[in-house]
>>> print(open('model-v2.cif').read())   # mmCIF, C-alpha atoms
data_entry
#
loop_
_atom_site.label_atom_id
_atom_site.label_comp_id
_atom_site.auth_asym_id
_atom_site.auth_seq_id
_atom_site.Cartn_x
_atom_site.Cartn_y
_atom_site.Cartn_z
CA MET C 1 5.57 -19.22 -15.14
CA ALA C 2 5.62 -15.80 -13.46
CA ILE C 3 3.81 -14.62 -10.33
CA ASP C 4 1.44 -11.69 -10.77
CA VAL C 5 1.16 -9.20 -7.90
CA LEU C 6 -1.87 -7.23 -6.74
CA LEU C 7 -1.41 -4.43 -4.23
CA GLY C 8 -2.79 -1.10 -3.03
CA LEU C 9 -1.36 2.23 -4.17
CA GLN C 10 -2.71 4.50 -1.44
CA TRP C 11 -3.03 4.22 2.37
CA GLY C 12 -4.85 0.89 2.24
CA ASP C 13 -8.59 0.15 2.01
CA GLU C 14 -8.46 0.47 -1.78
CA GLY C 15 -10.63 -2.58 -2.46
CA LYS C 16 -7.94 -5.21 -3.01
CA GLY C 17 -10.03 -8.02 -1.55
CA LYS C 18 -12.82 -7.51 -4.05
CA ILE C 19 -10.46 -7.51 -7.03
CA VAL C 20 -8.58 -10.61 -5.83
CA ASP C 21 -11.94 -12.32 -5.48
CA VAL C 22 -12.90 -11.22 -9.01
CA LEU C 23 -9.57 -12.34 -10.50
CA SER C 24 -9.29 -15.62 -8.60
CA GLY C 25 -11.02 -17.56 -11.36
CA ARG C 26 -7.94 -16.95 -13.53
CA TYR C 27 -5.46 -18.35 -10.97
CA ASP C 28 -4.63 -21.69 -9.39
CA LEU C 29 -3.08 -20.22 -6.24
CA ILE C 30 -3.58 -16.99 -4.27
CA ALA C 31 -0.67 -16.15 -1.94
CA ARG C 32 -0.82 -13.47 0.75
CA PHE C 33 2.68 -12.02 1.27
CA GLN C 34 2.67 -9.57 4.24
CA GLY C 35 0.66 -7.96 7.02
CA GLY C 36 -1.63 -9.69 9.47
CA PRO C 37 -4.98 -9.19 11.19
CA ASN C 38 -4.50 -5.42 10.92
CA ALA C 39 -5.71 -5.85 7.33
CA GLY C 40 -9.36 -6.06 6.38
CA HIS C 41 -10.34 -7.20 2.90
CA THR C 42 -14.08 -6.91 2.26
CA LEU C 43 -15.85 -9.10 -0.31
CA GLU C 44 -19.53 -8.91 -1.26
CA PHE C 45 -21.43 -11.44 -3.36
CA ASP C 46 -24.76 -13.27 -3.35
CA GLY C 47 -26.18 -10.64 -1.02
CA ALA C 48 -23.63 -11.33 1.74
CA LYS C 49 -20.61 -9.40 3.03
CA HIS C 50 -17.42 -11.13 4.17
CA VAL C 51 -14.38 -9.52 5.83
CA LEU C 52 -11.05 -11.35 5.66
CA HIS C 53 -8.09 -10.38 7.85
CA THR C 54 -5.38 -13.03 7.45
CA ILE C 55 -6.81 -15.48 4.91
CA PRO C 56 -6.20 -14.74 1.20
CA SER C 57 -9.16 -13.30 -0.70
CA GLY C 58 -9.33 -16.20 -3.16
CA ILE C 59 -10.67 -18.54 -0.47
CA PHE C 60 -14.25 -18.55 -1.79
CA HIS C 61 -13.19 -19.93 -5.19
CA ARG C 62 -13.07 -23.70 -5.00
CA ASN C 63 -10.73 -23.94 -7.98
CA ALA C 64 -8.01 -21.95 -6.23
CA LEU C 65 -5.63 -22.92 -3.44
CA ASN C 66 -4.66 -20.25 -0.92
CA LEU C 67 -1.30 -19.73 0.80
CA ILE C 68 -0.41 -17.57 3.80
CA GLY C 69 3.22 -16.68 3.15
CA ASN C 70 6.22 -16.27 5.42
CA GLY C 71 5.89 -12.47 5.40
CA VAL C 72 2.54 -12.62 7.18
CA VAL C 73 2.14 -12.48 10.97
CA ILE C 74 -0.60 -14.67 12.45
CA ASP C 75 -2.64 -14.38 15.63
CA PRO C 76 -3.98 -17.93 16.12
CA VAL C 77 -7.06 -16.68 18.00
CA ILE C 78 -8.13 -14.20 15.32
CA PHE C 79 -7.18 -16.65 12.57
CA LEU C 80 -9.28 -19.50 13.98
CA GLY C 81 -12.19 -17.12 14.54
CA GLU C 82 -11.98 -16.18 10.89
CA ILE C 83 -11.95 -19.85 9.89
CA GLU C 84 -15.09 -20.57 11.92
CA LYS C 85 -17.01 -17.73 10.24
CA LEU C 86 -16.00 -19.00 6.81
CA ARG C 87 -17.05 -22.56 7.60
CA VAL C 88 -20.65 -21.34 7.71
CA VAL C 89 -20.25 -20.58 4.00
CA ASP C 90 -18.09 -23.59 3.11
CA ASP C 91 -17.08 -26.32 5.55
CA ARG C 92 -14.19 -27.39 3.27
CA ILE C 93 -12.41 -24.03 3.56
CA THR C 94 -9.30 -25.45 5.27
CA ASP C 95 -8.84 -28.09 2.55
CA ARG C 96 -7.53 -25.42 0.18
CA LEU C 97 -5.63 -23.30 2.71
CA TYR C 98 -1.88 -23.67 3.35
CA ILE C 99 0.26 -21.83 5.91
CA SER C 100 3.99 -21.10 5.80
CA ARG C 101 5.99 -22.53 8.67
CA LYS C 102 8.11 -19.37 8.50
CA ALA C 103 5.19 -17.02 9.21
CA HIS C 104 5.61 -15.36 12.62
CA LEU C 105 3.18 -15.77 15.50
CA ILE C 106 1.48 -12.90 17.31
CA LEU C 107 1.47 -13.69 21.03
CA PRO C 108 -0.97 -12.23 23.59
CA THR C 109 1.90 -10.20 25.01
CA HIS C 110 2.57 -8.69 21.58
CA ARG C 111 -0.93 -7.24 21.67
CA LEU C 112 -0.41 -5.99 25.23
CA LEU C 113 2.85 -4.30 24.26
CA ASP C 114 1.13 -2.70 21.27
CA ALA C 115 -1.68 -1.30 23.44
CA ALA C 116 0.66 -0.11 26.20
CA SER C 117 3.02 1.62 23.77
CA GLU C 118 0.22 3.34 21.85
CA ALA C 119 -1.46 4.55 25.05
CA ALA C 120 1.84 6.00 26.27
CA LYS C 121 2.24 8.08 23.09
CA GLY C 122 -0.77 10.23 23.93
CA LYS C 123 -1.44 12.79 21.19
CA ASP C 124 1.51 11.39 19.17
CA LYS C 125 -0.24 8.07 18.49
CA ILE C 126 0.43 6.56 15.07
CA GLY C 127 -3.04 5.02 14.83
CA SER C 128 -2.13 1.38 15.51
CA THR C 129 -4.88 -1.24 15.10
CA LEU C 130 -3.64 -2.69 18.44
CA LYS C 131 -3.36 -6.18 16.92
CA GLY C 132 0.26 -6.66 18.01
CA ILE C 133 1.63 -6.24 14.49
CA GLY C 134 4.47 -3.81 15.28
CA PRO C 135 5.85 -5.71 18.30
CA THR C 136 5.71 -8.98 16.35
CA TYR C 137 7.69 -7.58 13.44
CA MET C 138 10.12 -6.05 15.95
CA ASP C 139 10.74 -9.50 17.41
CA LYS C 140 11.12 -10.88 13.89
CA THR C 141 13.83 -8.37 12.93
CA GLY C 142 15.34 -8.64 16.40
CA ARG C 143 15.64 -12.43 15.90
CA ASN C 144 13.53 -13.22 18.94
CA GLY C 145 10.25 -14.19 17.30
CA LEU C 146 8.32 -17.43 17.28
CA ARG C 147 7.19 -18.92 13.98
CA VAL C 148 4.36 -21.24 13.01
CA GLY C 149 6.85 -24.07 12.50
CA ASP C 150 7.97 -23.73 16.12
CA LEU C 151 4.58 -25.11 17.15
CA GLU C 152 5.79 -28.50 15.87
CA LEU C 153 8.90 -28.51 18.10
CA ARG C 154 9.04 -30.37 21.41
CA ASP C 155 10.50 -27.40 23.24
CA PHE C 156 7.87 -24.92 22.06
CA PRO C 157 6.55 -24.30 25.62
CA GLU C 158 10.02 -23.27 26.74
CA ARG C 159 10.49 -21.04 23.69
CA TYR C 160 7.12 -19.43 24.32
CA ARG C 161 7.80 -18.81 28.02
CA SER C 162 11.21 -17.29 27.31
CA LEU C 163 9.73 -14.74 24.90
CA VAL C 164 6.78 -13.95 27.16
CA ASP C 165 9.12 -13.32 30.10
CA LYS C 166 10.99 -10.83 27.94
CA HIS C 167 7.71 -9.11 27.05
CA LEU C 168 6.64 -8.94 30.68
CA SER C 169 9.87 -7.19 31.57
CA LEU C 170 9.17 -4.63 28.84
CA LEU C 171 5.61 -4.14 30.08
CA ARG C 172 6.98 -3.06 33.47
CA GLN C 173 7.99 0.17 31.74
CA TYR C 174 4.26 1.04 31.66
CA PRO C 175 3.24 0.89 35.35
CA ASP C 176 -0.18 2.43 34.68
CA PHE C 177 -1.09 -0.18 32.08
CA GLN C 178 -3.27 -2.92 33.58
CA PHE C 179 -3.73 -6.41 32.08
CA ASP C 180 -4.68 -9.98 32.96
CA LEU C 181 -2.53 -12.38 30.95
CA PRO C 182 -3.58 -15.93 32.01
CA PRO C 183 -7.07 -15.87 30.38
CA LEU C 184 -5.54 -14.52 27.17
CA GLU C 185 -2.89 -17.25 27.20
CA ALA C 186 -5.43 -20.04 27.72
CA VAL C 187 -7.41 -19.04 24.63
CA TRP C 188 -4.22 -18.51 22.62
CA MET C 189 -2.79 -21.92 23.50
CA GLU C 190 -5.98 -23.68 22.44
CA ALA C 191 -6.03 -21.81 19.13
CA SER C 192 -2.34 -22.41 18.46
CA GLU C 193 -2.81 -26.15 19.01
CA ARG C 194 -5.52 -26.15 16.36
CA LEU C 195 -3.28 -24.13 14.04
CA ARG C 196 -0.53 -26.72 14.48
CA GLY C 197 -2.86 -29.38 13.05
CA MET C 198 -3.53 -27.47 9.83
CA GLN C 199 -1.70 -27.74 6.49
CA LEU C 200 1.71 -26.26 7.30
CA VAL C 201 4.22 -26.05 4.45
CA ASP C 202 7.68 -24.80 3.60
CA SER C 203 6.09 -22.11 1.46
CA GLU C 204 9.05 -21.15 -0.72
CA LEU C 205 9.38 -24.79 -1.84
CA TYR C 206 5.63 -25.10 -2.20
CA LEU C 207 5.55 -22.07 -4.51
CA SER C 208 8.59 -23.21 -6.47
CA LYS C 209 6.89 -26.53 -7.17
CA ALA C 210 3.67 -24.78 -8.18
CA LEU C 211 5.54 -22.60 -10.67
CA ALA C 212 7.44 -25.59 -12.04
CA GLU C 213 4.04 -27.18 -12.70
CA ASN C 214 2.95 -24.03 -14.57
CA LYS C 215 0.41 -23.08 -11.92
CA ARG C 216 -0.93 -19.54 -12.21
CA VAL C 217 -0.13 -17.62 -9.01
CA LEU C 218 -1.41 -14.26 -7.77
CA ALA C 219 0.39 -12.59 -4.84
CA GLU C 220 -1.95 -10.53 -2.67
CA GLY C 221 -0.73 -7.58 -0.62
CA ALA C 222 -2.33 -5.95 2.40
CA GLN C 223 -2.49 -2.28 3.49
CA GLY C 224 -1.16 0.13 0.82
CA SER C 225 2.09 1.37 -0.73
CA LEU C 226 1.99 4.67 1.19
CA LEU C 227 2.11 2.63 4.41
CA ASP C 228 5.29 0.79 3.42
CA ILE C 229 7.92 0.72 6.17
CA ASP C 230 10.57 2.18 3.83
CA PHE C 231 8.64 4.15 1.22
CA GLY C 232 5.50 5.20 3.05
CA THR C 233 4.74 8.35 5.05
CA TYR C 234 7.09 7.37 7.87
CA PRO C 235 6.65 7.10 10.84
CA PHE C 236 2.90 6.81 10.19
CA VAL C 237 3.30 3.47 8.41
CA THR C 238 2.85 -0.23 9.02
CA SER C 239 5.71 -2.58 9.96
CA SER C 240 6.05 -4.58 6.74
CA THR C 241 6.97 -4.15 3.08
CA THR C 242 3.69 -3.39 1.32
CA THR C 243 5.21 -2.76 -2.12
CA ALA C 244 5.84 -5.28 -4.90
CA ALA C 245 9.26 -6.02 -3.41
CA GLY C 246 7.43 -7.51 -0.43
CA ALA C 247 6.07 -10.27 -2.65
CA CYS C 248 9.64 -11.52 -3.14
CA THR C 249 10.65 -11.45 0.52
CA GLY C 250 7.20 -12.41 1.82
CA LEU C 251 6.88 -15.50 -0.37
CA GLY C 252 10.44 -16.50 -1.19
CA VAL C 253 10.39 -15.85 -4.93
CA ALA C 254 13.10 -14.22 -7.03
CA PRO C 255 12.49 -10.76 -8.57
CA ASN C 256 12.71 -12.18 -12.09
CA ARG C 257 9.70 -14.37 -11.35
CA ILE C 258 7.38 -11.35 -10.99
CA GLY C 259 5.01 -10.87 -13.93
CA GLN C 260 2.16 -8.36 -14.04
CA VAL C 261 1.79 -5.83 -11.20
CA PHE C 262 -1.81 -4.75 -10.69
CA GLY C 263 -2.18 -1.48 -8.78
CA ILE C 264 -5.48 -0.77 -7.01
CA PHE C 265 -6.59 2.77 -6.15
CA LYS C 266 -9.78 4.55 -5.22
CA ALA C 267 -11.24 7.33 -7.37
CA TYR C 268 -10.52 9.49 -4.31
CA CYS C 269 -8.29 9.04 -1.23
CA THR C 270 -8.84 7.77 2.31
CA ARG C 271 -6.66 7.24 5.33
CA VAL C 272 -7.24 5.64 8.75
CA GLY C 273 -5.39 6.90 11.80
CA SER C 274 -2.73 9.57 12.07
CA GLY C 275 -0.32 10.86 9.47
CA PRO C 276 -0.12 13.50 6.73
CA PHE C 277 -2.89 13.62 4.11
CA PRO C 278 -2.48 16.60 1.74
CA THR C 279 -5.87 16.32 -0.01
CA GLU C 280 -7.94 15.61 3.10
CA LEU C 281 -11.38 17.25 3.17
CA ASP C 282 -12.14 18.13 6.75
CA ASP C 283 -15.55 19.56 5.87
CA GLU C 284 -19.00 18.60 4.56
CA LEU C 285 -17.49 17.28 1.31
CA GLY C 286 -15.26 14.91 3.26
CA GLU C 287 -18.23 13.80 5.32
CA LYS C 288 -20.21 13.22 2.12
CA LEU C 289 -17.41 11.02 0.74
CA ARG C 290 -17.32 9.09 4.01
CA LYS C 291 -21.07 8.54 4.01
CA ASN C 292 -21.38 7.67 0.31
CA GLY C 293 -18.42 5.31 0.42
CA ARG C 294 -19.22 3.72 3.79
CA GLU C 295 -15.71 4.66 4.79
CA PHE C 296 -15.27 2.95 8.13
CA GLY C 297 -12.38 0.60 8.85
CA SER C 298 -13.24 -3.08 8.29
CA THR C 299 -10.75 -4.05 11.02
CA THR C 300 -11.13 -1.22 13.54
CA GLY C 301 -14.48 0.34 12.62
CA ARG C 302 -12.86 3.77 12.82
CA PRO C 303 -14.13 6.46 10.41
CA ARG C 304 -11.71 6.98 7.55
CA ARG C 305 -10.40 10.40 6.65
CA CYS C 306 -11.45 11.28 3.09
CA GLY C 307 -10.17 13.58 0.36
CA TRP C 308 -9.64 14.10 -3.36
CA LEU C 309 -7.38 11.92 -5.51
CA ASP C 310 -3.67 12.72 -5.09
CA LEU C 311 -1.82 12.18 -8.40
CA PRO C 312 1.74 12.93 -7.22
CA ALA C 313 1.30 10.25 -4.54
CA LEU C 314 -0.31 7.85 -7.02
CA LYS C 315 2.46 8.31 -9.58
CA TYR C 316 5.05 7.73 -6.85
CA ALA C 317 3.38 4.45 -5.86
CA ILE C 318 3.17 3.37 -9.51
CA GLU C 319 6.88 4.01 -9.96
CA ILE C 320 8.18 2.19 -6.87
CA ASN C 321 5.99 -0.84 -7.65
CA GLY C 322 6.50 -1.06 -11.41
CA VAL C 323 2.73 -1.12 -11.93
CA SER C 324 1.68 -2.51 -15.31
CA GLU C 325 -2.10 -2.04 -15.00
CA LEU C 326 -4.31 0.16 -12.84
CA MET C 327 -7.69 -0.72 -11.37
CA MET C 328 -9.91 2.11 -10.14
CA MET C 329 -12.35 1.45 -7.32
CA LYS C 330 -15.43 3.23 -5.97
CA ALA C 331 -16.20 5.42 -8.98
CA ASP C 332 -19.83 5.17 -7.86
CA VAL C 333 -19.06 7.07 -4.63
CA LEU C 334 -18.39 10.25 -6.66
CA GLY C 335 -21.72 9.88 -8.48
CA ASP C 336 -23.43 12.93 -6.97
CA PHE C 337 -20.62 15.51 -6.93
CA ASP C 338 -21.04 18.49 -9.29
CA ARG C 339 -17.28 18.83 -9.65
CA ILE C 340 -14.36 16.67 -8.62
CA GLY C 341 -10.92 17.78 -7.51
CA VAL C 342 -7.70 16.07 -8.54
CA CYS C 343 -4.41 17.11 -6.95
CA THR C 344 -1.91 17.35 -9.81
CA ALA C 345 0.96 19.09 -7.98
CA TYR C 346 2.10 20.49 -4.64
CA ARG C 347 3.41 23.88 -3.62
CA TYR C 348 6.48 22.76 -1.68
CA ASN C 349 9.12 25.09 -0.21
CA GLY C 350 7.92 27.92 -2.45
CA LYS C 351 7.99 25.85 -5.65
CA GLU C 352 5.41 23.85 -7.55
CA VAL C 353 6.41 20.18 -7.80
CA THR C 354 4.68 17.15 -9.30
CA HIS C 355 6.59 14.51 -7.34
CA LEU C 356 6.08 13.24 -3.79
CA PRO C 357 8.59 15.07 -1.55
CA TYR C 358 10.45 13.58 1.39
CA ARG C 359 7.85 15.01 3.80
CA ILE C 360 4.24 15.97 3.06
CA ASP C 361 3.33 17.51 6.40
CA PRO C 362 0.58 20.14 6.09
CA GLU C 363 2.93 23.00 6.92
CA LEU C 364 5.24 21.94 4.07
CA VAL C 365 2.89 21.17 1.16
CA GLU C 366 -0.22 22.70 -0.34
CA PRO C 367 -2.14 20.74 -2.99
CA VAL C 368 -2.69 22.25 -6.44
CA TYR C 369 -5.99 21.11 -7.92
CA THR C 370 -7.41 20.52 -11.36
CA TRP C 371 -11.21 20.57 -11.32
CA MET C 372 -13.31 18.27 -13.48
CA PRO C 373 -17.08 17.98 -13.97
CA GLY C 374 -18.79 15.19 -12.05
CA TRP C 375 -20.98 12.57 -13.70
CA ASN C 376 -24.02 13.12 -11.48
CA CYS C 377 -25.58 9.70 -11.97
CA ASP C 378 -25.93 6.34 -10.25
CA LEU C 379 -23.34 3.90 -11.65
CA SER C 380 -24.30 0.89 -9.54
CA GLY C 381 -26.59 -0.70 -12.15
CA ILE C 382 -24.33 -0.20 -15.17
CA GLU C 383 -23.19 -3.49 -16.69
CA ARG C 384 -21.66 -2.35 -20.00
CA THR C 385 -18.72 0.00 -20.44
CA GLU C 386 -20.45 1.75 -23.34
CA ASP C 387 -23.12 2.92 -20.89
CA LEU C 388 -20.64 4.73 -18.65
CA PRO C 389 -21.09 8.53 -18.61
CA GLU C 390 -18.66 10.57 -20.72
CA GLU C 391 -17.63 12.65 -17.69
CA LEU C 392 -16.44 9.50 -15.91
CA MET C 393 -14.53 8.31 -18.96
CA ASN C 394 -12.89 11.75 -19.21
CA TYR C 395 -11.81 11.32 -15.58
CA VAL C 396 -10.39 7.87 -16.41
CA ARG C 397 -8.54 9.16 -19.48
CA PHE C 398 -7.13 12.11 -17.52
CA ILE C 399 -5.65 9.78 -14.90
CA GLU C 400 -4.25 7.51 -17.62
CA ARG C 401 -2.55 10.48 -19.35
CA GLU C 402 -1.10 11.77 -16.08
CA THR C 403 0.21 8.38 -14.91
CA GLY C 404 1.06 6.80 -18.25
CA ILE C 405 -0.63 3.56 -17.14
CA ARG C 406 -3.84 2.05 -18.50
CA ILE C 407 -6.85 1.59 -16.21
CA GLY C 408 -8.07 -1.91 -17.04
CA VAL C 409 -10.77 -2.38 -14.40
CA LEU C 410 -13.41 -0.02 -13.04
CA SER C 411 -15.50 -0.78 -9.96
CA VAL C 412 -19.00 0.75 -9.75
CA GLY C 413 -20.20 -0.91 -6.54
CA PRO C 414 -19.17 -3.28 -3.73
CA ASP C 415 -20.51 -6.51 -5.23
CA ARG C 416 -18.19 -8.67 -7.33
CA ARG C 417 -20.66 -8.28 -10.24
CA GLN C 418 -20.23 -4.49 -10.19
CA THR C 419 -16.83 -4.71 -11.84
CA LEU C 420 -16.28 -3.59 -15.43
CA SER C 421 -13.38 -4.38 -17.73
CA LEU C 422 -12.14 -1.36 -19.70
CA SER C 423 -9.69 -3.34 -21.84
#
>>> encode(input="model-v2.cif", output="structure tokens")
Amino acid sequence: MAIDVLLGLQWGDEGKGKIVDVLSGRYDLIARFQGGPNAGHTLEFDGAKHVLHTIPSGIFHRNALNLIGNGVVIDPVIFLGEIEKLRVVDDRITDRLYISRKAHLILPTHRLLDAASEAAKGKDKIGSTLKGIGPTYMDKTGRNGLRVGDLELRDFPERYRSLVDKHLSLLRQYPDFQFDLPPLEAVWMEASERLRGMQLVDSELYLSKALAENKRVLAEGAQGSLLDIDFGTYPFVTSSTTTAAGACTGLGVAPNRIGQVFGIFKAYCTRVGSGPFPTELDDELGEKLRKNGREFGSTTGRPRRCGWLDLPALKYAIEINGVSELMMMKADVLGDFDRIGVCTAYRYNGKEVTHLPYRIDPELVEPVYTWMPGWNCDLSGIERTEDLPEELMNYVRFIERETGIRIGVLSVGPDRRQTLSLS
């Protein structure tokens, strides 16, 4: 049995959580493979809105088990707060949630280092969520980190203190940064003790056994492909592997065990924080997209930058992930635009190119647009594909021709019911 992968193809916020929730009925196990509480996956159903940060988006389906893989970084305080909110909906949530012992822990001092470093950058900030993600992954690759399994060891207090002392020495480099660590530590220690009592597993063995038993597994990514540490718009990226390759390293599965790769993208583009964005609309059209799409970060609350769909970037993400099926989100947001722009190429160094260059800084690239008629109607109540406007289907077919990949799912609203199959 193969593992299917679902991930974002833009700068995150594509709507992955909703699609995982919709697809979860087909799977026995949903496994999150990277990222941490910097992610925000929003799900809406039965008139309620739920935002998940660390927990896989299949958690509301009682037929599916959920695994937090080794590639994820966990802040026990945020994680337990998330659990408590979910218990209002279902008090058996933790019965179907498993956590890798190899997942790394975010300490209070990781968050302090994140905040101090970002503040020191001034106008050169990368737009960190200040959740301690970067410093935690730095400790992981520097072989200094603490993992969930360490909570079970007798000498955990000594391990914790050794790492914190190192962090405090680094914080002395920021003499203007003020903090009060003891209250943060007290809350963290209480939360980590509760985490220790949850269902901790050796996740690679857990997954191997599930596959041997022919369980259907869906790997869920966070953020988006253009934020990948290697293949994103560096240095304005996250600290983990957000592409399909991250499912292998973040769960402990071999590449030949990967099956379908579902790529999620919006009908337009958004980005949170700093970094290049060739199709950004810094005008009333961008503001209209933001308002129509409720484009505010589910983790930070920051307004998202908005712009037209970027096909060179989308095709690049499709290629590096080996996407087998596309899923287009938020088609309803474009419902009252007379015409819609699609970037089909860039003018780069005096030439027109259709690929994503090494750098896409505004002084290097200029988007080349194809303009298409809008559909000028409300899609939110449409339940049958045959009722979709022809202008929207022309937009879908244009993207399919340009990318060479079929769009199998179309979202026309935030609720799980507002999801149409085009297959």
>>> closest_atom_pairs(input="model-v2.cif", of="range 342-361 of chain C", to="range 217-236 of chain C", cutoff="12 Å", atoms="only C-alpha atoms", output="Markdown table")
| residue | atom | partner | partner_atom | distance |
| --- | --- | --- | --- | --- |
| C:Leu356 | CA | C:Thr233 | CA | 10.2 |
| C:Pro357 | CA | C:Thr233 | CA | 10.2 |
| C:Tyr358 | CA | C:Thr233 | CA | 8.6 |
| C:Arg359 | CA | C:Thr233 | CA | 7.5 |
| C:Ile360 | CA | C:Thr233 | CA | 7.9 |
| C:Asp361 | CA | C:Thr233 | CA | 9.4 |
>>> residues_around(input="model-v2.cif", residues="Leu420 in chain C", least_positions_apart="2", cutoff="8 Å", atoms="all atoms listed in the file", output="list of chain:residue names")
C:Glu383, C:Arg384, C:Thr385, C:Val409, C:Leu410, C:Ser411, C:Val412, C:Gln418, C:Leu422
>>> closest_atom_pairs(input="model-v2.cif", of="range 184-265 of chain C", to="range 20-43 of chain C", cutoff="12 Å", atoms="all atoms listed in the file", output="tab-separated table")
residue	atom	partner	partner_atom	distance
C:Ser203	CA	C:Ala31	CA	9.6
C:Glu204	CA	C:Ala31	CA	11.0
C:Tyr206	CA	C:Leu29	CA	10.8
C:Leu207	CA	C:Ala31	CA	9.0
C:Lys209	CA	C:Leu29	CA	11.8
C:Ala210	CA	C:Leu29	CA	8.4
C:Leu211	CA	C:Leu29	CA	10.0
C:Glu213	CA	C:Asp28	CA	10.8
C:Asn214	CA	C:Asp28	CA	9.5
C:Lys215	CA	C:Asp28	CA	5.8
C:Arg216	CA	C:Tyr27	CA	4.8
C:Val217	CA	C:Leu29	CA	4.8
C:Leu218	CA	C:Ile30	CA	4.9
C:Ala219	CA	C:Ala31	CA	4.7
C:Glu220	CA	C:Arg32	CA	4.6
C:Gly221	CA	C:Phe33	CA	5.9
C:Ala222	CA	C:Gly35	CA	5.9
C:Gln223	CA	C:Ala39	CA	6.2
C:Gly224	CA	C:Ala39	CA	9.9
C:Leu227	CA	C:Gly35	CA	11.0
C:Asp228	CA	C:Gly35	CA	10.5
C:Ile229	CA	C:Gly35	CA	11.3
C:Val237	CA	C:Gly35	CA	11.8
C:Thr238	CA	C:Gly35	CA	8.3
C:Ser239	CA	C:Gly35	CA	7.9
C:Ser240	CA	C:Gly35	CA	6.4
C:Thr241	CA	C:Gln34	CA	7.0
C:Thr242	CA	C:Gln34	CA	6.9
C:Thr243	CA	C:Gln34	CA	9.7
C:Ala244	CA	C:Phe33	CA	9.7
C:Ala245	CA	C:Phe33	CA	10.1
C:Gly246	CA	C:Phe33	CA	6.8
C:Ala247	CA	C:Phe33	CA	5.5
C:Cys248	CA	C:Phe33	CA	8.3
C:Thr249	CA	C:Phe33	CA	8.0
C:Gly250	CA	C:Phe33	CA	4.6
C:Leu251	CA	C:Phe33	CA	5.7
C:Gly252	CA	C:Phe33	CA	9.3
C:Val253	CA	C:Phe33	CA	10.6
C:Phe262	CA	C:Val20	CA	10.2
C:Gly263	CA	C:Val20	CA	11.5
C:Ile264	CA	C:Val20	CA	10.4
>>> residues_around(input="model-v2.cif", residues="Pro303 in chain C", least_positions_apart="4", cutoff="9 Å", atoms="all atoms listed in the file", output="NGL selection string")
:C and (272-273 or 290 or 294-297)
>>> atom_distance(input="model-v2.cif", atom1="CA of Pro108 in chain C", atom2="CA of Asp180 in chain C")
10.3 Å
>>> residues_near_point(input="model-v2.cif", point="(-7.2, 5.7, -4.9)", cutoff="12 Å", atoms="all atoms listed in the file", output="count of residues only")
47
>>> residues_around(input="model-v2.cif", residues="range 187-196 of chain C", least_positions_apart="5", cutoff="8 Å", atoms="only C-alpha atoms", output="MDAnalysis selection string")
chainID C and resid 76:77 80 107:108 148 151:152
>>> resolve_selection(input="model-v2.cif", expression="the PyMOL selection byres ((chain C and resi 377) around 9)", output="list in words")
Asp332, Leu334, Gly335, Asp336, Gly374, Trp375, Asn376, Asp378, Leu379 and Pro389 of chain C
>>> residues_around(input="model-v2.cif", residues="Arg101 in chain C", least_positions_apart="5", cutoff="9 Å", atoms="only C-alpha atoms", output="count of residues only")
11
>>> closest_residue(input="model-v2.cif", among="C:Gly286, C:Lys49, C:Ala119, C:Thr344", to="Asp415 in chain C", atoms="all atoms listed in the file")
C:Lys49
>>> closest_residue(input="model-v2.cif", among="C:Ile99, C:Met138, C:Val365, C:Ile68", to="Ala345 in chain C", atoms="only C-alpha atoms")
C:Val365
>>> axis_aligned_box(input="model-v2.cif", around="range 128-144 of chain C", padding_each_side="6 Å", output="lines of an AutoDock Vina configuration file")
center_x = 5.4
center_y = -5.9
center_z = 15.9
size_x = 32.5
size_y = 26.6
size_z = 18.0
